[in-house]
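Since the structure comes first, as structure tokens, the remarks are kept for the end.
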Amino acid sequence: MSDRGYVGQAMIAASQLAAQPDVVAIADIIIYLIDIPDEEQAAIQAALGGARFNFRFLDSRRFIPDSVDRLPDLHCPSSTLGRLAVEAEIPAQYETVIYIDGDVQIVGPVAPLIAHDCPPGTLLAGADRLDNGGRYANPQSYLKGIGIDRVADYFNAGVMMAQREAWRTFTTQALRFLAENPERCKHHDQSALNAVVGSQREMMHPRYNYSTWFRLADLDRSLGPRIVHFTGPVKPWNTTNGPWDPSHRQVYVDFLKDYPYFAKYLRIDSSRNIDPKYLTTSVRMRARRMAKAAKEAAEHRWQAVLLKRFLHRTFFTPRD
């Protein structure tokens with residue numbers, strides 16, 4: 001699912017999924033695009049030619065239930081709310097829903113995930129991170145406000161799976177929770193989903209939602225990611241100054257060469273995104289930069305310890 005801001009990225013992720021025969025043999029791929037003008041809808045489909053996935057174009061003014069009257073005041077992106085309202089737009093023949101964000105790349109075999117049978121009444125999702133990350137991430141006060149006791153029990157909503165009935169129940173409840181408790185939903189729909197799913201969650205292995213946190217913690221590169229998720233503001237298409245390998249960035253460059261139409265949606269930025277105050281050559285600023293780098297390196301070493309403990313102690317699904 002994507003709004004205008006992630007159209008190109010979503011096309012790449014869907015194309016990578018469609019390139020896996022074991023996936024297309026057991027699942028259909030649908031891209032939901034929100035608030036795309038009529039004239040662009042036809043152009044998008046024509047630009048991709050014989051793509052092995054389907055398009056659904058949604059109007060955000062239509063897919064949010066009228067009964068949830070506080071949602072227009074939350075100022076959430078339409079794609080964020082769309083995740084919670086899309087069930088009504090899914091064709092009736094599908095009994096299982098697998099949701100994948102647009103800011104991902106499929107870098108390994110995902111058929112074991114796609115083929116997994118979720119138990120009734122559960123949601124499969126991966127941990128968001130294994131530390132609180134300070135006040136800008138998941139402080140304990142925020143987690144307690146949505147009923148989460150352990151930081152590892154808080155999941156990232158970028159890759160999720162459930163039987164359709166459970167998906168309908170969870171997203172309906174989350175939409176209501178978001179409308180009634182906006183002050184507790186720091187991360188909008190992700191907060192609301194965590195609040196209503198609670199213990200009814202299966203733990204997805206981080207290889208299927210290899211977010212920025214896990215990339216930084218995976219110092220020995222042992223996780224073997226299959227779905228890489230570019231969480232946070234640093235994306236491989238908007239800066240070269242980040243934790244991601246150049247090969248991830250090159251995927252977007254190559255896509256625009258093959259499909260130049262999508263340059264209107266996807267911009268490749270070569271900026272290193274350096275804070276201007278660190279550009280000075282003064283001794284003081286160099287010292288601050290070195291201290292910042294040393295602190296981050298220490299944080300990543302501690303995150304690596306947390307990751308190893310997590311992998312050793314946790315039962316993941318699917319077990320491939």
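Chain labels A, B, ... are given in the sequence in which chains occur in the structure tokens; within each chain residues are numbered consecutively from 1, and ligands are likewise numbered from 1 in the order shown.
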message = Can you pull out the residues contacting Met1 (chain A)? Cut-off 12 Å, using only C-alpha atoms, and skip same-chain residues under 3 positions away; I want them as a ChimeraX atom specification.
response = /A:4-11,13-14,29-35,54-58,77-87,89-90,98-104,158-159
Please dump the current selection as a PDB file, in the first residue's frame; keep C-alpha atoms.
```
ATOM      1  CA  ARG A   4       1.990   9.196  -4.051  1.00  0.00           C
ATOM      2  CA  GLY A   5       5.181   9.455  -2.007  1.00  0.00           C
ATOM      3  CA  TYR A   6       6.121   5.773  -2.338  1.00  0.00           C
ATOM      4  CA  VAL A   7       4.689   4.744  -5.704  1.00  0.00           C
ATOM      5  CA  GLY A   8       8.070   3.916  -7.247  1.00  0.00           C
ATOM      6  CA  GLN A   9       9.318   2.081  -4.180  1.00  0.00           C
ATOM      7  CA  ALA A  10       6.145  -0.012  -3.994  1.00  0.00           C
ATOM      8  CA  MET A  11       6.502  -1.002  -7.655  1.00  0.00           C
ATOM      9  CA  ALA A  13       9.011  -4.290  -3.978  1.00  0.00           C
ATOM     10  CA  ALA A  14       6.089  -5.841  -5.870  1.00  0.00           C
ATOM     11  CA  ILE A  29       0.145  -9.596  -5.352  1.00  0.00           C
ATOM     12  CA  ILE A  30      -2.034  -6.501  -5.126  1.00  0.00           C
ATOM     13  CA  ILE A  31      -0.719  -2.940  -4.923  1.00  0.00           C
ATOM     14  CA  TYR A  32      -3.104  -0.491  -3.301  1.00  0.00           C
ATOM     15  CA  LEU A  33      -2.386   3.091  -4.359  1.00  0.00           C
ATOM     16  CA  ILE A  34      -4.146   5.939  -2.606  1.00  0.00           C
ATOM     17  CA  ASP A  35      -5.275   9.290  -4.023  1.00  0.00           C
ATOM     18  CA  ASN A  54      -2.725  -6.215  -9.754  1.00  0.00           C
ATOM     19  CA  PHE A  55      -3.534  -2.598  -9.005  1.00  0.00           C
ATOM     20  CA  ARG A  56      -6.273  -1.171  -6.834  1.00  0.00           C
ATOM     21  CA  PHE A  57      -6.689   2.598  -6.696  1.00  0.00           C
ATOM     22  CA  LEU A  58      -8.376   3.995  -3.603  1.00  0.00           C
ATOM     23  CA  PRO A  77      -0.936  10.064   6.123  1.00  0.00           C
ATOM     24  CA  SER A  78      -3.711   8.484   4.077  1.00  0.00           C
ATOM     25  CA  SER A  79      -1.626   5.355   3.533  1.00  0.00           C
ATOM     26  CA  THR A  80      -1.290   4.986   7.311  1.00  0.00           C
ATOM     27  CA  LEU A  81      -5.043   4.972   7.810  1.00  0.00           C
ATOM     28  CA  GLY A  82      -5.442   2.873   4.684  1.00  0.00           C
ATOM     29  CA  ARG A  83      -3.701  -0.060   6.320  1.00  0.00           C
ATOM     30  CA  LEU A  84      -6.506  -0.174   8.860  1.00  0.00           C
ATOM     31  CA  ALA A  85      -9.328   0.228   6.351  1.00  0.00           C
ATOM     32  CA  VAL A  86      -8.148  -1.816   3.367  1.00  0.00           C
ATOM     33  CA  GLU A  87      -9.840  -5.091   4.348  1.00  0.00           C
ATOM     34  CA  GLU A  89     -11.251  -3.457  -0.521  1.00  0.00           C
ATOM     35  CA  ILE A  90      -9.695  -6.930  -0.664  1.00  0.00           C
ATOM     36  CA  ILE A  98      -0.069 -10.542   4.036  1.00  0.00           C
ATOM     37  CA  TYR A  99       0.710  -6.846   4.263  1.00  0.00           C
ATOM     38  CA  ILE A 100       4.115  -5.455   3.199  1.00  0.00           C
ATOM     39  CA  ASP A 101       5.141  -1.785   3.303  1.00  0.00           C
ATOM     40  CA  GLY A 102       6.355  -0.004   0.189  1.00  0.00           C
ATOM     41  CA  ASP A 103       9.741   1.050   1.609  1.00  0.00           C
ATOM     42  CA  VAL A 104      11.197  -2.456   1.469  1.00  0.00           C
ATOM     43  CA  GLY A 158       5.677  -2.989   8.053  1.00  0.00           C
ATOM     44  CA  VAL A 159       5.245  -6.734   7.450  1.00  0.00           C
TER      45      VAL A 159
END
```
request  = Skip His205 (chain A) itself and residues of its chain fewer than 2 positions away, then list as a ChimeraX atom specification all residues within 7 Å of it, counting only C-alpha atoms.
outcome  = /A:126,203,207-208,316-317
Generate a file of the selected residues that holds C-alpha atoms, formatted as a tab-separated table (two decimals), in the first residue's frame.
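Output (again.tsv):
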```
chain	number	residue	atom	x	y	z
A	126	GLY	CA	8.30	-8.92	13.87
A	203	MET	CA	6.76	-13.58	16.53
A	207	ARG	CA	14.96	-11.80	8.57
A	208	TYR	CA	11.45	-11.09	7.23
A	316	PHE	CA	10.03	-17.62	15.69
A	317	THR	CA	7.46	-18.34	13.01
```
key: Every residue of region 176-315 of chain A that DSSP places in alpha helix (DSSP H), as a PyMOL selection string   = chain A and resi 176-180+189-197+212-217+246-258+283-313
request  = Have a look at CA of Met160 (chain A) and CA of Ala137 (chain A) and let me know their distance in Å, one decimal.
outcome  = 20.3 Å
ask   = Could you name the residues that touch region 152-155 of chain A at 9 Å or less, counting only C-alpha atoms, but leaving out those on the same chain fewer than 5 positions away, as a list in words?
value = Ala125, Gly126, Ala127, Asp128, Arg129, Leu130, Asp131, Asn138, Leu143, Gln190, Ser191, Leu193, Asn194, Gly198, Ser199, Arg201, Met203 and Phe310 of chain A
I need the chosen residues saved as a JSON list (two decimals), in the first residue's frame, with C-alpha atoms.
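The result, stored in part16.json:
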```json
[["chain", "number", "residue", "atom", "x", "y", "z"],
["A", 125, "ALA", "CA", 4.67, -9.61, 12.97],
["A", 126, "GLY", "CA", 8.30, -8.92, 13.87],
["A", 127, "ALA", "CA", 9.83, -6.94, 16.71],
["A", 128, "ASP", "CA", 10.30, -3.24, 16.05],
["A", 129, "ARG", "CA", 13.54, -3.01, 18.04],
["A", 130, "LEU", "CA", 15.10, -4.52, 21.17],
["A", 131, "ASP", "CA", 15.88, -1.35, 23.12],
["A", 138, "ASN", "CA", 9.80, 3.72, 22.07],
["A", 143, "LEU", "CA", 4.80, 1.33, 25.59],
["A", 190, "GLN", "CA", 1.32, 0.85, 14.50],
["A", 191, "SER", "CA", 0.59, 2.03, 18.03],
["A", 193, "LEU", "CA", -2.41, -2.29, 16.30],
["A", 194, "ASN", "CA", -0.02, -3.09, 19.14],
["A", 198, "GLY", "CA", -1.40, -7.73, 22.55],
["A", 199, "SER", "CA", -0.63, -11.37, 23.32],
["A", 201, "ARG", "CA", 0.73, -12.14, 18.19],
["A", 203, "MET", "CA", 6.76, -13.58, 16.53],
["A", 310, "PHE", "CA", 16.83, -12.41, 21.43]]
```
At most 7 Å is the cut-off: for each residue in region 105-200 of chain A with any atom that close to an atom of region 227-246 of chain A, write down the nearest atom pair and the distance in Å rounded to one decimal, counting only C-alpha atoms, chain first then increasing number, as a tab-separated table.
```
residue	atom	partner	partner_atom	distance
A:Gln105	CA	A:Val228	CA	5.2
A:Ile106	CA	A:Ile227	CA	4.7
A:Val107	CA	A:Ile227	CA	5.9
A:Gly108	CA	A:Ile227	CA	6.9
```
Could those residues be written to a file, using N, CA and C atoms, as a CSV table (one decimal), in the first residue's frame?
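Just written: part_17.csv:
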```csv
chain,number,residue,atom,x,y,z
A,105,GLN,N,12.8,-3.9,0.3
A,105,GLN,CA,13.2,-4.6,-0.8
A,105,GLN,C,13.2,-6.1,-0.5
A,106,ILE,N,12.8,-6.9,-1.4
A,106,ILE,CA,12.8,-8.4,-1.2
A,106,ILE,C,14.1,-8.9,-1.7
A,107,VAL,N,14.9,-9.4,-0.8
A,107,VAL,CA,16.3,-9.7,-1.1
A,107,VAL,C,16.6,-11.2,-0.9
A,108,GLY,N,15.6,-12.0,-0.6
A,108,GLY,CA,15.8,-13.4,-0.4
A,108,GLY,C,14.5,-14.1,-0.5
```
inquiry  = So that I can check the surroundings of Asp220 (chain A), please list as a ChimeraX atom specification every protein, DNA and RNA residue that reaches within 9 Å of it, counting only C-alpha atoms and ignoring chain neighbours fewer than 3 positions away.
reply    = /A:217,223,304
Just-selected residues, N, CA and C atoms written as a tab-separated table (two decimals), in the first residue's frame:
```
chain	number	residue	atom	x	y	z
A	217	ALA	N	22.24	-3.51	14.42
A	217	ALA	CA	22.59	-4.47	15.47
A	217	ALA	C	23.26	-5.73	14.92
A	223	LEU	N	22.11	-12.58	10.20
A	223	LEU	CA	20.66	-12.77	10.16
A	223	LEU	C	20.16	-13.29	8.81
A	304	ALA	N	23.92	-5.35	19.42
A	304	ALA	CA	24.32	-6.67	18.93
A	304	ALA	C	24.19	-7.72	20.03
```
key: Contacts of Leu306 (chain A) at 12 Å (only C-alpha atoms; same-chain gap of 5+ positions) as a PyMOL selection string   = chain A and resi 129-132+151-152+213-214+216-219+299-301+311-314
Output of the above residues as a PDB file, in the first residue's frame, restricted to N, CA and C atoms:
```pdb
ATOM      1  N   ARG A 129      12.165  -3.199  17.586  1.00  0.00           N
ATOM      2  CA  ARG A 129      13.537  -3.013  18.037  1.00  0.00           C
ATOM      3  C   ARG A 129      13.660  -3.708  19.388  1.00  0.00           C
ATOM      4  N   LEU A 130      14.884  -3.793  19.919  1.00  0.00           N
ATOM      5  CA  LEU A 130      15.099  -4.517  21.172  1.00  0.00           C
ATOM      6  C   LEU A 130      15.589  -3.622  22.299  1.00  0.00           C
ATOM      7  N   ASP A 131      15.649  -2.315  22.048  1.00  0.00           N
ATOM      8  CA  ASP A 131      15.884  -1.351  23.115  1.00  0.00           C
ATOM      9  C   ASP A 131      14.867  -0.230  22.962  1.00  0.00           C
ATOM     10  N   ASN A 132      14.757   0.604  23.973  1.00  0.00           N
ATOM     11  CA  ASN A 132      13.750   1.663  23.920  1.00  0.00           C
ATOM     12  C   ASN A 132      14.110   2.780  22.961  1.00  0.00           C
ATOM     13  N   VAL A 151       9.882  -4.395  25.635  1.00  0.00           N
ATOM     14  CA  VAL A 151      10.119  -3.702  24.374  1.00  0.00           C
ATOM     15  C   VAL A 151      10.069  -4.669  23.192  1.00  0.00           C
ATOM     16  N   ALA A 152      10.496  -5.916  23.369  1.00  0.00           N
ATOM     17  CA  ALA A 152      10.486  -6.890  22.277  1.00  0.00           C
ATOM     18  C   ALA A 152       9.077  -7.320  21.895  1.00  0.00           C
ATOM     19  N   TRP A 213      16.968  -0.803  12.594  1.00  0.00           N
ATOM     20  CA  TRP A 213      17.521  -1.188  13.899  1.00  0.00           C
ATOM     21  C   TRP A 213      18.262  -2.512  13.801  1.00  0.00           C
ATOM     22  N   PHE A 214      17.676  -3.508  13.150  1.00  0.00           N
ATOM     23  CA  PHE A 214      18.319  -4.815  13.056  1.00  0.00           C
ATOM     24  C   PHE A 214      19.548  -4.765  12.154  1.00  0.00           C
ATOM     25  N   LEU A 216      21.634  -2.270  12.011  1.00  0.00           N
ATOM     26  CA  LEU A 216      22.697  -1.706  12.840  1.00  0.00           C
ATOM     27  C   LEU A 216      23.156  -2.682  13.921  1.00  0.00           C
ATOM     28  N   ALA A 217      22.244  -3.509  14.419  1.00  0.00           N
ATOM     29  CA  ALA A 217      22.593  -4.471  15.472  1.00  0.00           C
ATOM     30  C   ALA A 217      23.256  -5.728  14.923  1.00  0.00           C
ATOM     31  N   ASP A 218      23.022  -6.035  13.674  1.00  0.00           N
ATOM     32  CA  ASP A 218      23.526  -7.264  13.051  1.00  0.00           C
ATOM     33  C   ASP A 218      24.973  -7.056  12.595  1.00  0.00           C
ATOM     34  N   LEU A 219      25.870  -6.885  13.563  1.00  0.00           N
ATOM     35  CA  LEU A 219      27.249  -6.520  13.243  1.00  0.00           C
ATOM     36  C   LEU A 219      27.975  -7.609  12.467  1.00  0.00           C
ATOM     37  N   GLU A 299      26.694   1.987  21.170  1.00  0.00           N
ATOM     38  CA  GLU A 299      25.279   1.616  21.148  1.00  0.00           C
ATOM     39  C   GLU A 299      25.050   0.406  20.252  1.00  0.00           C
ATOM     40  N   HIS A 300      25.707   0.383  19.097  1.00  0.00           N
ATOM     41  CA  HIS A 300      25.523  -0.735  18.173  1.00  0.00           C
ATOM     42  C   HIS A 300      26.084  -2.030  18.755  1.00  0.00           C
ATOM     43  N   ARG A 301      27.185  -1.944  19.501  1.00  0.00           N
ATOM     44  CA  ARG A 301      27.728  -3.154  20.138  1.00  0.00           C
ATOM     45  C   ARG A 301      26.752  -3.702  21.176  1.00  0.00           C
ATOM     46  N   LEU A 311      17.702 -13.806  19.650  1.00  0.00           N
ATOM     47  CA  LEU A 311      17.691 -14.931  18.720  1.00  0.00           C
ATOM     48  C   LEU A 311      17.787 -16.259  19.464  1.00  0.00           C
ATOM     49  N   HIS A 312      18.533 -16.277  20.558  1.00  0.00           N
ATOM     50  CA  HIS A 312      18.737 -17.515  21.320  1.00  0.00           C
ATOM     51  C   HIS A 312      17.503 -17.907  22.122  1.00  0.00           C
ATOM     52  N   ARG A 313      16.743 -16.914  22.591  1.00  0.00           N
ATOM     53  CA  ARG A 313      15.665 -17.178  23.537  1.00  0.00           C
ATOM     54  C   ARG A 313      14.272 -17.194  22.911  1.00  0.00           C
ATOM     55  N   THR A 314      14.147 -16.843  21.657  1.00  0.00           N
ATOM     56  CA  THR A 314      12.825 -16.602  21.076  1.00  0.00           C
ATOM     57  C   THR A 314      12.435 -17.691  20.091  1.00  0.00           C
TER      58      THR A 314
END
```
request  = Choose the residue, out of A:Asp320, A:Thr172, A:Ile12, A:Arg184, that has the smallest atom-to-atom separation from Tyr252 (chain A); count only C-alpha atoms.
outcome  =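 Ranked by minimum distance to Tyr252 (chain A), first place goes to A:Ile12.
CA of Arg267 (chain A) is positioned 17.6 Å from CA of Ile36 (chain A).
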task = Excluding Ser141 (chain A) and any residue of its chain fewer than 6 positions from it, enumerate the residues within 12 Å of it, using only C-alpha atoms, and give them as a ChimeraX atom specification.
result = /A:132,134-135,147-151,184-186
Given the selection you just returned, output its residues as a file containing C-alpha atoms, formatted as a tab-separated table (two decimals), in the first residue's frame.
```
chain	number	residue	atom	x	y	z
A	132	ASN	CA	13.75	1.66	23.92
A	134	GLY	CA	15.23	7.06	23.98
A	135	ARG	CA	12.34	9.47	23.90
A	147	GLY	CA	-0.34	-2.04	27.22
A	148	ILE	CA	3.14	-3.28	26.24
A	149	ASP	CA	5.43	-4.42	29.09
A	150	ARG	CA	8.53	-5.64	27.21
A	151	VAL	CA	10.12	-3.70	24.37
A	184	ARG	CA	-1.40	7.32	23.06
A	185	CYS	CA	-0.75	6.53	19.39
A	186	LYS	CA	2.67	8.06	18.86
```
request  = Pick out the closest residue to Pro37 (chain A) from this set: A:Glu296, A:Asp189, A:Asp59, A:Asp22. Count only C-alpha atoms.
outcome  =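 Looking at the shortest contact to Pro37 (chain A), the residue is A:Asp59.
If only C-alpha atoms are the atoms counted, then among A:Val283, A:Ala47, A:Ile268, A:Gln93 the closest residue to Val251 (chain A) is A:Ile268.
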